[in-house]
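S.K.: Can you keep this structure in mind? I'll have questions shortly.
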Amino acid sequence: MRYTSSSSVRVTILICLSEGLQNMSELKKKTGISSSTLSHNLSELEKRKITTKKEEKYALTSLGTIITTNLIENIKTNAAISKFQKLWIKHDLSCIPPELIKNIGDLHNSILIESESEEIFKPHETYQKIISGAEYIKGVSPIFRFDYIDIYKKLVIEHGINVELILTQDIVDQTMEGIDSENLEYLRNFMSQDKVKFWVIPDVKIAFTVTNKYLSLGLFHENGNYDNTRDLISDDHGAVTWGNQLFEYYRDQAQKLEL
């Protein structure tokens, strides 16, 4: 592993070969590395049983596939750590289970939105973009925006999407204390629809929304306050998959909310 990762040329070759069989001209075109340098490094990799040559094409061996897969994961992890340090440093990461911390590299192809907004989901326009055209909406939040019910209801009725929201018990209690009978009936009507599910969990120190297209993720400071100035946004398939796994982690702990 150290032999392959210590050379950017070897890493580049292996990543290229992870896409499938490549001949010399294809490798040269895709990597921008000279033929002589490619030949030398491929020869060394073949001696170590990391690559093999089949006729005029090069490929990864089984060992090479294991090494390259881990190389790629390390690269993604390092990228996610370095790109989003502001989101990780002095924030509560205990809300992310170990298996997803291990796969934090899945978030490498994201952007960090920073703002002075006091909104937990940041600018309304950003959240609208995330849920527009969605086939489903899944969210975990320590707050409840009642004004989003109209948005969700329209998407459910007009587009038939599924909506699942996990709220904390404190937010449910606060909502019930401050809601009038008309709005309570409106909320019950919305929750009674087959495509709508509300869940409740004792406590959660993370806020995120995931759809089939986007992930929006926010964290709490170590002091317990939500960081409403930073939001990680991604439309990358790996990040969306990661977000769905995080939602399933919390849904497994939650109870169905009944009003």
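Starting from 1 in every chain, residues are counted up; chains themselves are A, B, ... following the order of the structure tokens, and ligands are numbered from 1 as listed.
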Which residues, written as a list in words, have at least one atom at most 9 Å from range 25-34 of chain A, with only C-alpha atoms counted and residues fewer than 3 positions away on the same chain left out?
M.R.: Val9, Thr12, Ile13, Cys16, Leu17, Gln22, Thr37, Leu38 and Ser39 of chain A
S.K.: Can you pull out every residue from range 21-236 of chain A that DSSP, working from the backbone, puts in alpha helix (DSSP H), and format the result as a ChimeraX atom specification?
M.R.: /A:24-31,35-47,62-83,85-88,98-102,124-131,148-159,169-178,181-191
S.K.: Taking the DSSP assignment computed from this structure's backbone, write out as a ChimeraX atom specification all residues of range 3-192 of chain A that belong to strand (DSSP E or B).
M.R.: /A:22-23,51-54,57-60,91,111-114,136-141,162-168
S.K.: Please report the interatomic distance between CA of Thr68 in chain A and CA of Ile101 in chain A in Å with one decimal.
M.R.: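 Taking CA of Thr68 in chain A and CA of Ile101 in chain A, their separation equals 20.6 Å.
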S.K.: Using only C-alpha atoms, which residue out of A:Thr65, A:Met176, A:Lys138, A:Asp150 lies closest to Glu248 in chain A?
M.R.: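 For Glu248 in chain A, the nearest of the given residues is A:Lys138.
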S.K.: CA of Pro202 in chain A and CA of Gln169 in chain A, how far apart in Å?
M.R.: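 That distance, rounded to one decimal, is 5.2 Å.
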S.K.: Could you give me, as a list in words, the residues within 8 Å of Ile233 in chain A, counting only C-alpha atoms and dropping anything in the same chain fewer than 5 positions from it?
M.R.: Ser110, Ile111, Leu112, Ile113, Tyr214, Leu215, Ser216 and Leu217 of chain A
S.K.: Pick the closest to Ser7 in chain A from A:Ser82, A:Gln193, A:Asn162, A:Asn41: which is it, counting only C-alpha atoms?
M.R.: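 Using only C-alpha atoms, Ser7 in chain A sits closest to A:Asn41.
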S.K.: Fewer than 5 positions away in the same chain doesn't count, so skip those; otherwise give me all residues within 10 Å of Phe208 in chain A, counting only C-alpha atoms, as a list in words.
M.R.: Ile120, Phe121, Lys138, Gly139, Val140, Ser141, Pro142, Leu215, Ser216, Leu217, Gly218, Leu219, Asp231, Leu232, Ile233, Gly243, Leu246 and Phe247 of chain A
S.K.: Considering only C-alpha atoms, state which residue in the set A:Asp194, A:Asp147, A:Glu182, A:Asp92 is at the smallest distance from Gly160 in chain A.
M.R.: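 Under the stated criterion, the closest residue is A:Asp194.
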S.K.: Kindly indicate which residue among A:Arg2, A:Ser36, A:Thr209, A:Glu185 lies nearest to Trp242 in chain A, using only C-alpha atoms for the distances.
M.R.: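 Distance minimum relative to Trp242 in chain A lands on A:Thr209.
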S.K.: Quick check, in Å to one decimal: how far apart do CA of Thr241 in chain A and CA of Thr61 in chain A lie?
M.R.: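 Straight-line distance from CA of Thr241 in chain A to CA of Thr61 in chain A works out to 28.3 Å.
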